[in-house]
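What follows is the content of start_8.cif, which has mmCIF, C-alpha atoms:
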data_my_file
#
loop_
_atom_site.label_atom_id
_atom_site.label_comp_id
_atom_site.auth_asym_id
_atom_site.auth_seq_id
_atom_site.Cartn_x
_atom_site.Cartn_y
_atom_site.Cartn_z
CA MET A 1282 -41.85 205.35 56.99
CA SER A 1283 -38.14 205.93 56.47
CA GLU A 1284 -36.44 206.92 59.71
CA ALA A 1285 -34.34 209.39 57.72
CA VAL A 1286 -37.30 211.68 56.94
CA HIS A 1287 -39.46 213.17 59.68
CA THR A 1288 -40.16 216.68 58.36
CA ILE A 1289 -40.70 217.52 54.70
CA GLY A 1290 -40.23 221.00 53.33
CA VAL A 1291 -41.90 222.15 50.13
CA LEU A 1292 -41.19 225.14 47.91
CA THR A 1293 -42.13 226.44 44.47
CA SER A 1294 -39.39 227.93 42.34
CA GLY A 1295 -38.94 229.62 38.98
CA GLY A 1296 -41.91 230.71 36.87
CA ASP A 1297 -45.31 230.00 38.40
CA ALA A 1298 -47.56 227.43 36.75
CA PRO A 1299 -51.25 226.57 37.25
CA GLY A 1300 -51.42 223.43 39.36
CA MET A 1301 -48.52 224.26 41.67
CA ASN A 1302 -50.98 224.78 44.53
CA ALA A 1303 -52.49 221.36 43.85
CA ALA A 1304 -49.02 219.82 44.01
CA VAL A 1305 -48.22 221.56 47.32
CA ARG A 1306 -51.57 220.39 48.72
CA ALA A 1307 -50.77 216.80 47.75
CA VAL A 1308 -47.31 216.99 49.32
CA VAL A 1309 -48.73 218.35 52.56
CA ARG A 1310 -51.59 215.89 52.95
CA THR A 1311 -49.61 212.85 51.83
CA ALA A 1312 -46.78 213.70 54.23
CA LEU A 1313 -49.18 214.26 57.13
CA ALA A 1314 -50.98 211.00 56.39
CA SER A 1315 -47.58 209.26 56.57
CA GLY A 1316 -46.74 210.76 59.96
CA CYS A 1317 -44.39 213.51 58.79
CA GLY A 1318 -44.43 217.17 59.68
CA VAL A 1319 -44.50 219.69 56.84
CA LYS A 1320 -42.85 223.08 56.43
CA GLY A 1321 -43.83 225.51 53.68
CA ILE A 1322 -41.00 227.65 52.33
CA GLN A 1323 -42.10 230.93 50.80
CA LYS A 1324 -40.47 232.58 47.77
CA GLY A 1325 -38.47 229.55 46.65
CA TYR A 1326 -34.76 229.37 47.40
CA ALA A 1327 -34.74 233.07 48.28
CA GLY A 1328 -37.19 232.35 51.10
CA LEU A 1329 -35.13 229.37 52.23
CA LEU A 1330 -32.12 231.66 52.60
CA GLU A 1331 -34.19 234.26 54.47
CA GLU A 1332 -35.85 231.58 56.62
CA GLU A 1333 -39.36 232.44 55.43
CA ILE A 1334 -40.53 229.05 56.65
CA MET A 1335 -43.86 228.12 58.22
CA ASP A 1336 -45.61 225.03 59.52
CA LEU A 1337 -48.31 223.63 57.26
CA ASP A 1338 -51.24 221.42 58.22
CA ARG A 1339 -54.10 219.99 56.16
CA TYR A 1340 -56.13 223.17 56.68
CA SER A 1341 -53.27 225.34 55.36
CA VAL A 1342 -53.90 223.89 51.91
CA ALA A 1343 -57.70 223.82 52.00
CA ASP A 1344 -59.41 225.57 49.07
CA LYS A 1345 -56.11 225.88 47.19
CA ILE A 1346 -56.51 223.20 44.52
CA ASN A 1347 -58.59 225.47 42.25
CA ARG A 1348 -56.30 228.49 42.52
CA GLY A 1349 -53.71 229.42 39.92
CA GLY A 1350 -50.24 230.68 40.75
CA THR A 1351 -48.60 229.54 43.98
CA PHE A 1352 -49.70 230.54 47.46
CA LEU A 1353 -46.11 229.89 48.62
CA TYR A 1354 -44.93 232.53 46.12
CA THR A 1355 -41.83 232.25 43.98
CA ALA A 1356 -38.74 234.39 43.44
CA ARG A 1357 -35.30 234.32 41.83
CA SER A 1358 -32.20 234.17 44.02
CA GLU A 1359 -28.73 235.15 42.83
CA GLU A 1360 -27.32 234.34 46.26
CA PHE A 1361 -28.46 230.74 45.99
CA ARG A 1362 -26.43 230.33 42.81
CA THR A 1363 -23.25 230.69 44.89
CA ALA A 1364 -21.61 227.89 46.89
CA GLU A 1365 -21.97 230.01 50.02
CA GLY A 1366 -25.67 230.49 49.38
CA GLN A 1367 -26.19 226.77 48.88
CA GLU A 1368 -24.35 225.98 52.12
CA LYS A 1369 -26.53 228.49 53.96
CA ALA A 1370 -29.71 227.00 52.44
CA ALA A 1371 -28.69 223.49 53.52
CA GLU A 1372 -27.89 224.74 57.01
CA ASN A 1373 -31.29 226.45 57.22
CA CYS A 1374 -32.95 223.16 56.30
CA ARG A 1375 -31.14 221.46 59.17
CA LYS A 1376 -31.89 224.37 61.51
CA HIS A 1377 -35.62 224.00 60.89
CA GLY A 1378 -35.55 220.21 61.06
CA ILE A 1379 -36.22 219.73 57.33
CA ASP A 1380 -34.72 216.40 56.32
CA GLY A 1381 -36.65 216.01 53.07
CA LEU A 1382 -37.34 218.76 50.51
CA VAL A 1383 -39.79 218.77 47.59
CA VAL A 1384 -38.93 221.36 44.92
CA ILE A 1385 -41.67 222.19 42.42
CA GLY A 1386 -40.31 223.97 39.36
CA GLY A 1387 -38.25 223.58 36.21
CA ASP A 1388 -34.69 222.71 35.18
CA GLY A 1389 -33.08 225.58 37.08
CA SER A 1390 -34.94 224.62 40.24
CA PHE A 1391 -33.77 221.02 39.86
CA ARG A 1392 -30.14 222.12 39.55
CA GLY A 1393 -30.58 223.83 42.90
CA ALA A 1394 -32.14 220.68 44.35
CA ALA A 1395 -29.15 218.65 43.14
CA LYS A 1396 -26.78 221.06 44.92
CA LEU A 1397 -28.71 220.66 48.18
CA ALA A 1398 -28.69 216.88 47.78
CA GLY A 1399 -24.91 217.05 47.51
CA LEU A 1400 -24.90 218.86 50.85
CA GLY A 1401 -26.86 216.13 52.58
CA ILE A 1402 -30.47 217.31 52.14
CA ASN A 1403 -32.83 214.68 50.71
CA THR A 1404 -34.44 216.35 47.69
CA ILE A 1405 -37.11 215.44 45.13
CA GLY A 1406 -38.05 217.58 42.12
CA VAL A 1407 -41.58 217.87 40.73
CA PRO A 1408 -41.88 219.25 37.17
CA GLY A 1409 -43.89 222.47 37.28
CA THR A 1410 -43.56 224.61 34.15
CA ILE A 1411 -46.00 225.64 31.44
CA ASP A 1412 -43.36 225.14 28.72
CA LEU A 1413 -43.29 221.30 28.82
CA ASP A 1414 -39.52 221.62 28.36
CA ILE A 1415 -38.22 219.12 30.94
CA SER A 1416 -36.70 216.30 28.93
CA CYS A 1417 -37.27 213.37 31.29
CA THR A 1418 -41.05 213.74 31.43
CA GLU A 1419 -43.89 213.72 28.92
CA TYR A 1420 -45.95 216.07 31.09
CA THR A 1421 -45.28 219.10 33.25
CA ILE A 1422 -47.70 220.79 35.64
CA GLY A 1423 -49.28 223.89 34.12
CA PHE A 1424 -48.92 223.00 30.44
CA ASP A 1425 -52.52 221.96 29.87
CA THR A 1426 -53.92 225.09 31.50
CA ALA A 1427 -51.56 227.35 29.57
CA VAL A 1428 -52.55 225.75 26.26
CA ASN A 1429 -56.25 226.03 27.05
CA THR A 1430 -55.87 229.67 28.10
CA ALA A 1431 -53.98 230.51 24.91
CA MET A 1432 -56.40 228.51 22.77
CA ALA A 1433 -59.39 230.47 24.10
CA ALA A 1434 -57.65 233.78 23.46
CA ILE A 1435 -56.64 232.76 19.93
CA ASP A 1436 -60.24 231.78 19.13
CA LYS A 1437 -61.28 235.33 20.03
CA VAL A 1438 -58.52 236.88 17.93
CA ARG A 1439 -59.62 234.70 15.00
CA ASP A 1440 -63.14 236.17 15.22
CA THR A 1441 -61.94 239.73 14.82
CA SER A 1442 -59.28 238.70 12.29
CA THR A 1443 -62.02 237.21 10.10
CA SER A 1444 -64.27 240.26 10.53
CA HIS A 1445 -61.51 242.54 9.26
CA GLU A 1446 -60.07 240.06 6.73
CA ARG A 1447 -56.64 240.43 8.23
CA CYS A 1448 -53.61 238.33 9.09
CA SER A 1449 -52.93 237.85 12.81
CA ILE A 1450 -49.63 236.88 14.38
CA ILE A 1451 -50.28 235.59 17.89
CA GLU A 1452 -47.25 235.15 20.11
CA VAL A 1453 -47.44 232.52 22.85
CA MET A 1454 -44.93 231.69 25.57
CA GLY A 1455 -42.01 229.32 25.07
CA ARG A 1456 -38.50 230.74 24.83
CA ARG A 1457 -36.67 227.51 24.07
CA ALA A 1458 -39.58 225.14 23.54
CA GLY A 1459 -42.40 225.38 21.02
CA TYR A 1460 -44.88 222.99 22.63
CA ILE A 1461 -47.48 225.63 23.52
CA ALA A 1462 -47.24 227.04 19.99
CA LEU A 1463 -47.48 223.60 18.40
CA TYR A 1464 -50.48 222.47 20.44
CA CYS A 1465 -52.29 225.78 19.95
CA GLY A 1466 -51.49 225.67 16.26
CA ILE A 1467 -53.21 222.30 15.95
CA ALA A 1468 -56.07 223.15 18.34
CA ASN A 1469 -56.79 226.53 16.73
CA GLY A 1470 -56.29 225.45 13.14
CA ALA A 1471 -53.48 227.94 12.47
CA GLU A 1472 -52.19 228.39 8.95
CA ASP A 1473 -48.57 228.75 10.10
CA ILE A 1474 -46.78 227.73 13.33
CA LEU A 1475 -43.33 229.12 14.13
CA LEU A 1476 -41.31 226.98 16.55
CA PRO A 1477 -37.88 227.89 17.97
CA GLU A 1478 -36.71 224.31 17.34
CA LEU A 1479 -37.54 224.40 13.62
CA TYR A 1480 -38.08 227.95 12.33
CA ASP A 1481 -35.72 228.84 9.47
CA TYR A 1482 -36.53 232.60 9.44
CA ASP A 1483 -37.74 232.38 5.85
CA GLU A 1484 -40.49 235.01 5.92
CA GLU A 1485 -40.90 234.77 2.16
CA LYS A 1486 -42.38 231.31 2.66
CA ILE A 1487 -44.95 232.73 5.08
CA VAL A 1488 -45.79 235.54 2.65
CA GLU A 1489 -46.36 232.95 -0.10
CA HIS A 1490 -48.73 231.02 2.20
CA ILE A 1491 -50.73 234.15 3.00
CA VAL A 1492 -51.06 235.17 -0.64
CA LYS A 1493 -51.99 231.64 -1.72
CA TYR A 1494 -54.69 231.25 0.94
CA HIS A 1495 -56.01 234.77 0.25
CA LYS A 1496 -56.47 233.90 -3.42
CA ARG A 1497 -58.46 230.84 -2.35
CA GLY A 1498 -60.88 233.16 -0.61
CA LYS A 1499 -59.67 232.76 2.99
CA LYS A 1500 -60.84 235.67 5.14
CA HIS A 1501 -58.08 235.41 7.74
CA HIS A 1502 -54.61 233.97 8.27
CA ILE A 1503 -53.51 232.88 11.74
CA ILE A 1504 -49.82 232.57 12.56
CA ILE A 1505 -48.92 231.13 15.97
CA ASN A 1506 -45.47 232.39 16.91
CA ALA A 1507 -43.46 231.03 19.85
CA GLU A 1508 -41.77 233.51 22.16
CA GLY A 1509 -38.40 231.98 21.27
CA VAL A 1510 -38.86 233.15 17.67
CA GLY A 1511 -40.37 236.46 18.77
CA HIS A 1512 -40.29 239.80 16.91
CA SER A 1513 -44.01 239.48 16.20
CA THR A 1514 -44.67 243.23 15.90
CA SER A 1515 -41.87 243.87 13.39
CA MET A 1516 -42.77 240.68 11.54
CA ALA A 1517 -46.35 241.91 11.19
CA LYS A 1518 -45.15 245.16 9.63
CA ARG A 1519 -42.97 243.34 7.12
CA ILE A 1520 -45.72 240.89 6.16
CA GLN A 1521 -48.25 243.69 5.68
CA ALA A 1522 -45.78 245.57 3.46
CA ALA A 1523 -45.12 242.43 1.39
CA THR A 1524 -48.74 241.27 1.00
CA GLY A 1525 -50.81 244.42 1.22
CA ILE A 1526 -53.01 242.58 3.74
CA GLU A 1527 -53.58 244.24 7.10
CA THR A 1528 -51.49 242.31 9.65
CA ARG A 1529 -51.62 242.67 13.42
CA ALA A 1530 -49.54 241.16 16.20
CA THR A 1531 -51.01 240.03 19.52
CA ILE A 1532 -48.66 238.99 22.33
CA LEU A 1533 -50.52 236.92 24.92
CA GLY A 1534 -47.76 237.10 27.51
CA HIS A 1535 -48.18 236.20 31.16
CA LEU A 1536 -51.94 235.62 31.06
CA GLN A 1537 -50.91 232.09 30.02
CA ARG A 1538 -49.36 231.52 33.46
CA GLY A 1539 -52.47 232.40 35.42
CA GLY A 1540 -55.97 231.13 35.89
CA SER A 1541 -57.63 228.20 37.58
CA PRO A 1542 -55.88 224.95 36.58
CA THR A 1543 -57.65 222.47 34.34
CA ALA A 1544 -58.76 219.08 35.62
CA ARG A 1545 -55.73 217.47 33.98
CA ASP A 1546 -53.33 219.82 35.74
CA ARG A 1547 -55.07 219.36 39.10
CA VAL A 1548 -54.97 215.58 38.83
CA MET A 1549 -51.39 215.33 37.52
CA ALA A 1550 -50.13 217.81 40.11
CA SER A 1551 -51.83 215.85 42.89
CA LEU A 1552 -50.39 212.54 41.70
CA MET A 1553 -46.90 213.96 41.22
CA GLY A 1554 -46.90 215.66 44.62
CA ALA A 1555 -47.99 212.48 46.39
CA TYR A 1556 -45.45 210.42 44.43
CA ALA A 1557 -42.64 212.81 45.46
CA VAL A 1558 -43.41 212.21 49.14
CA GLN A 1559 -43.44 208.44 48.62
CA VAL A 1560 -40.00 208.60 47.00
CA LEU A 1561 -38.65 210.54 49.98
CA LEU A 1562 -40.17 208.10 52.44
CA GLU A 1563 -38.52 205.23 50.59
CA GLY A 1564 -35.21 206.80 51.55
CA ARG A 1565 -34.28 208.04 48.07
CA SER A 1566 -32.91 211.47 47.21
CA LYS A 1567 -31.80 213.65 44.28
CA ARG A 1568 -34.65 212.39 42.12
CA VAL A 1569 -37.08 214.03 39.68
CA VAL A 1570 -40.67 212.82 39.33
CA ALA A 1571 -41.61 212.12 35.70
CA TYR A 1572 -44.58 210.91 33.68
CA LYS A 1573 -43.55 208.33 31.07
CA ASN A 1574 -45.62 205.92 28.99
CA GLY A 1575 -48.75 206.49 31.03
CA ALA A 1576 -47.16 206.02 34.46
CA LEU A 1577 -45.29 207.97 37.11
CA THR A 1578 -41.60 207.20 37.58
CA ASP A 1579 -38.49 209.04 38.74
CA TYR A 1580 -34.96 209.76 37.55
CA ASP A 1581 -31.70 210.88 39.06
CA ILE A 1582 -31.61 214.67 38.72
CA GLU A 1583 -28.26 214.72 36.92
CA GLU A 1584 -29.46 212.05 34.50
CA ALA A 1585 -32.69 213.97 33.90
CA LEU A 1586 -30.87 217.25 33.23
CA ALA A 1587 -28.57 215.56 30.72
CA MET A 1588 -31.47 214.28 28.62
CA GLN A 1589 -32.34 216.00 25.34
CA LYS A 1590 -35.92 216.65 24.26
CA GLU A 1591 -36.95 217.05 20.63
CA ILE A 1592 -40.21 218.35 19.24
CA ASN A 1593 -42.47 215.51 18.12
CA SER A 1594 -41.99 215.12 14.36
CA PHE A 1595 -45.36 213.40 13.84
CA GLU A 1596 -47.20 216.23 15.59
CA VAL A 1597 -45.35 218.76 13.42
CA MET A 1598 -46.24 216.81 10.28
CA VAL A 1599 -49.91 216.69 11.28
CA SER A 1600 -49.97 220.44 12.00
CA GLN A 1601 -48.53 221.17 8.56
CA MET A 1602 -50.83 218.75 6.76
CA LEU A 1603 -53.97 220.10 8.45
CA SER A 1604 -53.12 223.71 7.70
CA LYS A 1605 -53.06 223.18 3.93
#
This structure in C-alpha cells:
Amino acid sequence: MSEAVHTIGVLTSGGDAPGMNAAVRAVVRTALASGCGVKGIQKGYAGLLEEEIMDLDRYSVADKINRGGTFLYTARSEEFRTAEGQEKAAENCRKHGIDGLVVIGGDGSFRGAAKLAGLGINTIGVPGTIDLDISCTEYTIGFDTAVNTAMAAIDKVRDTSTSHERCSIIEVMGRRAGYIALYCGIANGAEDILLPELYDYDEEKIVEHIVKYHKRGKKHHIIINAEGVGHSTSMAKRIQAATGIETRATILGHLQRGGSPTARDRVMASLMGAYAVQVLLEGRSKRVVAYKNGALTDYDIEEALAMQKEINSFEVMVSQMLSK
C-alpha cells in the first residue's frame, strides 16, 4: 500500500445514475481490504464544503448494490466553483485526514477533482452518468439501466400508439449526447431517431417518412427524440397539422435516472470503483478510470477532458437502414 494514502474519501457528484451505490460499495470494501480507512462525503462537493463527512465500514454499504440513486446524495455547489471554495474543500480533506479522494460523476465533477489535485489532494474520477458522454471511456455507470428503463417505457407507448394508429414522439434524456436516443431507437425499432449531434431540423423529411409509412399500412410511427433536440410537444402539433395523423408527445424525463441498476451497471460500477482505489494506492493522482477495448484503464483528467467524442457512424447507419 502506498504510504501516501491512508484514508480514502468518496463522493457522488452531478446527476445521479443507477450503479453509483455499487461503485461506492466497491470503493469502500476495496479500500478496507487494503488497510485504508474510508470517509463518505454526502451531497458531493457541497457536502465537502459543509463537512458532511462520515466514517464508512463494510456494513455501511451492505444491501446498497441493488439500489438506484446514491445513498451519499448529490448536490450542485456554486461555492465550489470559486478558487476560495476549492481551497476550503482541500483544507477540509486535510482536516478529516482524507489523503485520497474518489469522485463518481461526469465531466463537471472531474473538473472539480482536477482542481483539488492541483491543491495537493490525490484524486481519481469514476465515470457515472447515464448520458455516456465522457469522451475517454466507452462505458459510463448508469447508461445501461437508463436505456433499459427507457426501452421498456417506449414499448408500452408503442402498444397504445398502435391501438390508436397514431404517431408518437418520445423524448429521452441527453442534452448534448444522443446515445440513449440512438440505442433506444435501435432497440425499440423506431422509425425516426433525432440526435443532437446530427439533427438538421428538417421536419419536412420526418413528415414525408410518416406519410410514406402510413401509405404502406403502418399502424404507428415512433420517433425517438433526444432532450438536446427537444420541443417534442410543439413538434407533435406541427406534425399532426402537416399529416392529419394524430400525434402525441411523451417526455420520459427523470424516470430514466432511477430504478435498480442492471447487472451490467452493477458489475461495471464495482470494477471501476475497485480500480479507482488501486490507482490511488499505486500513488497516482488526477486520473479518470475508463473502459477501453474491453479493459479498464485510466487517463490524466486534463487529457480526458480534452478528448472529443463522436456518435458512432456505423450504429447510426444501422439504425437508419433498419427503420426503412
Inset, instruction - Could you tell me which residues the PyMOL selection byres ((chain A and resi 1367) around 10) returns for this structure, as an MDAnalysis selection string? - result: chainID A and resid 1326 1329:1330 1360:1366 1368:1373 1393:1394 1396:1397 1399:1400
Inset, instruction - Might you pull out every residue within 6 Å of Gly1387 in chain A, with all atoms listed in the file counted and same-chain residues fewer than 5 positions away left off, and present them as a list in words? - result: Pro1408, Gly1409 and Thr1410 of chain A
Inset, instruction - Might you pull out every residue within 12 Å of Val1309 in chain A, with all atoms listed in the file counted and same-chain residues fewer than 6 positions away left off, and present them as number ranges by chain? - result: A: 1288-1292, 1302-1303, 1315-1321, 1336-1343, 1345, 1382-1383, 1551, 1554-1559
Check which residues satisfy the PyMOL selection byres ((chain A and resi 1521-1534) around 7) in the file shown, then give them as a PDB file with C-alpha atoms, keeping the file's coordinate frame.
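The resulting file, expr_34.pdb, is shown below:
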ATOM      1  CA  ARG A1447     -56.640 240.430   8.230  1.00  0.00           C
ATOM      2  CA  CYS A1448     -53.610 238.330   9.090  1.00  0.00           C
ATOM      3  CA  SER A1449     -52.930 237.850  12.810  1.00  0.00           C
ATOM      4  CA  ILE A1450     -49.630 236.880  14.380  1.00  0.00           C
ATOM      5  CA  ILE A1451     -50.280 235.590  17.890  1.00  0.00           C
ATOM      6  CA  GLU A1452     -47.250 235.150  20.110  1.00  0.00           C
ATOM      7  CA  VAL A1453     -47.440 232.520  22.850  1.00  0.00           C
ATOM      8  CA  MET A1454     -44.930 231.690  25.570  1.00  0.00           C
ATOM      9  CA  VAL A1488     -45.790 235.540   2.650  1.00  0.00           C
ATOM     10  CA  VAL A1492     -51.060 235.170  -0.640  1.00  0.00           C
ATOM     11  CA  SER A1513     -44.010 239.480  16.200  1.00  0.00           C
ATOM     12  CA  THR A1514     -44.670 243.230  15.900  1.00  0.00           C
ATOM     13  CA  ALA A1517     -46.350 241.910  11.190  1.00  0.00           C
ATOM     14  CA  LYS A1518     -45.150 245.160   9.630  1.00  0.00           C
ATOM     15  CA  ARG A1519     -42.970 243.340   7.120  1.00  0.00           C
ATOM     16  CA  ILE A1520     -45.720 240.890   6.160  1.00  0.00           C
ATOM     17  CA  HIS A1535     -48.180 236.200  31.160  1.00  0.00           C
ATOM     18  CA  LEU A1536     -51.940 235.620  31.060  1.00  0.00           C
ATOM     19  CA  GLN A1537     -50.910 232.090  30.020  1.00  0.00           C
TER      20      GLN A1537
END
Legend entry - Protein and nucleic acid residues near (-50.0, 216.7, 33.8) (cut-off 12 Å, all atoms listed in the file) as JSON, numbers by chain: {"A": [1298, 1299, 1300, 1301, 1303, 1304, 1407, 1408, 1409, 1410, 1411, 1412, 1413, 1418, 1419, 1420, 1421, 1422, 1423, 1424, 1425, 1426, 1427, 1542, 1543, 1544, 1545, 1546, 1547, 1548, 1549, 1550, 1551, 1552, 1553, 1554, 1570, 1571, 1572, 1573, 1575, 1576, 1577]}
Add whatever atoms are absent from range 1532-1554 of chain A to reach N, CA and C atoms, and provide the output as a short mmCIF file (atom, residue, chain, number, x, y, z; two decimals), in the coordinates of the input.
data_model
loop_
_atom_site.label_atom_id
_atom_site.label_comp_id
_atom_site.auth_asym_id
_atom_site.auth_seq_id
_atom_site.Cartn_x
_atom_site.Cartn_y
_atom_site.Cartn_z
N ILE A 1532 -49.57 239.73 21.45
CA ILE A 1532 -48.66 238.99 22.33
C ILE A 1532 -49.43 238.64 23.60
N LEU A 1533 -49.68 237.35 23.80
CA LEU A 1533 -50.52 236.92 24.92
C LEU A 1533 -49.82 237.04 26.26
N GLY A 1534 -48.52 236.85 26.30
CA GLY A 1534 -47.76 237.10 27.51
C GLY A 1534 -48.17 236.29 28.73
N HIS A 1535 -48.08 236.93 29.90
CA HIS A 1535 -48.18 236.20 31.16
C HIS A 1535 -49.60 235.76 31.52
N LEU A 1536 -50.59 236.14 30.75
CA LEU A 1536 -51.94 235.62 31.06
C LEU A 1536 -51.94 234.10 30.94
N GLN A 1537 -50.98 233.54 30.17
CA GLN A 1537 -50.91 232.09 30.02
C GLN A 1537 -50.45 231.38 31.30
N ARG A 1538 -49.82 232.11 32.20
CA ARG A 1538 -49.36 231.52 33.46
C ARG A 1538 -50.47 231.44 34.50
N GLY A 1539 -51.47 232.28 34.38
CA GLY A 1539 -52.47 232.40 35.42
C GLY A 1539 -53.72 231.59 35.15
N GLY A 1540 -54.67 231.76 36.06
CA GLY A 1540 -55.97 231.13 35.89
C GLY A 1540 -56.10 229.82 36.65
N SER A 1541 -57.35 229.44 36.88
CA SER A 1541 -57.63 228.20 37.58
C SER A 1541 -57.15 227.01 36.76
N PRO A 1542 -56.41 226.08 37.36
CA PRO A 1542 -55.88 224.95 36.58
C PRO A 1542 -56.98 224.03 36.06
N THR A 1543 -56.72 223.44 34.93
CA THR A 1543 -57.65 222.47 34.34
C THR A 1543 -57.69 221.20 35.19
N ALA A 1544 -58.66 220.35 34.91
CA ALA A 1544 -58.76 219.08 35.62
C ALA A 1544 -57.48 218.27 35.45
N ARG A 1545 -56.95 218.25 34.23
CA ARG A 1545 -55.73 217.47 33.98
C ARG A 1545 -54.58 217.97 34.83
N ASP A 1546 -54.41 219.29 34.92
CA ASP A 1546 -53.33 219.82 35.74
C ASP A 1546 -53.55 219.55 37.22
N ARG A 1547 -54.79 219.64 37.68
CA ARG A 1547 -55.07 219.36 39.10
C ARG A 1547 -54.76 217.91 39.44
N VAL A 1548 -55.18 217.01 38.57
CA VAL A 1548 -54.97 215.58 38.83
C VAL A 1548 -53.49 215.23 38.75
N MET A 1549 -52.81 215.66 37.68
CA MET A 1549 -51.39 215.33 37.52
C MET A 1549 -50.56 215.94 38.63
N ALA A 1550 -50.87 217.17 39.02
CA ALA A 1550 -50.13 217.81 40.11
C ALA A 1550 -50.32 217.05 41.42
N SER A 1551 -51.55 216.60 41.67
CA SER A 1551 -51.83 215.85 42.89
C SER A 1551 -51.07 214.53 42.90
N LEU A 1552 -51.09 213.82 41.78
CA LEU A 1552 -50.39 212.54 41.70
C LEU A 1552 -48.88 212.71 41.84
N MET A 1553 -48.34 213.73 41.17
CA MET A 1553 -46.90 213.96 41.22
C MET A 1553 -46.45 214.39 42.62
N GLY A 1554 -47.24 215.23 43.27
CA GLY A 1554 -46.90 215.66 44.62
C GLY A 1554 -46.89 214.50 45.59
#
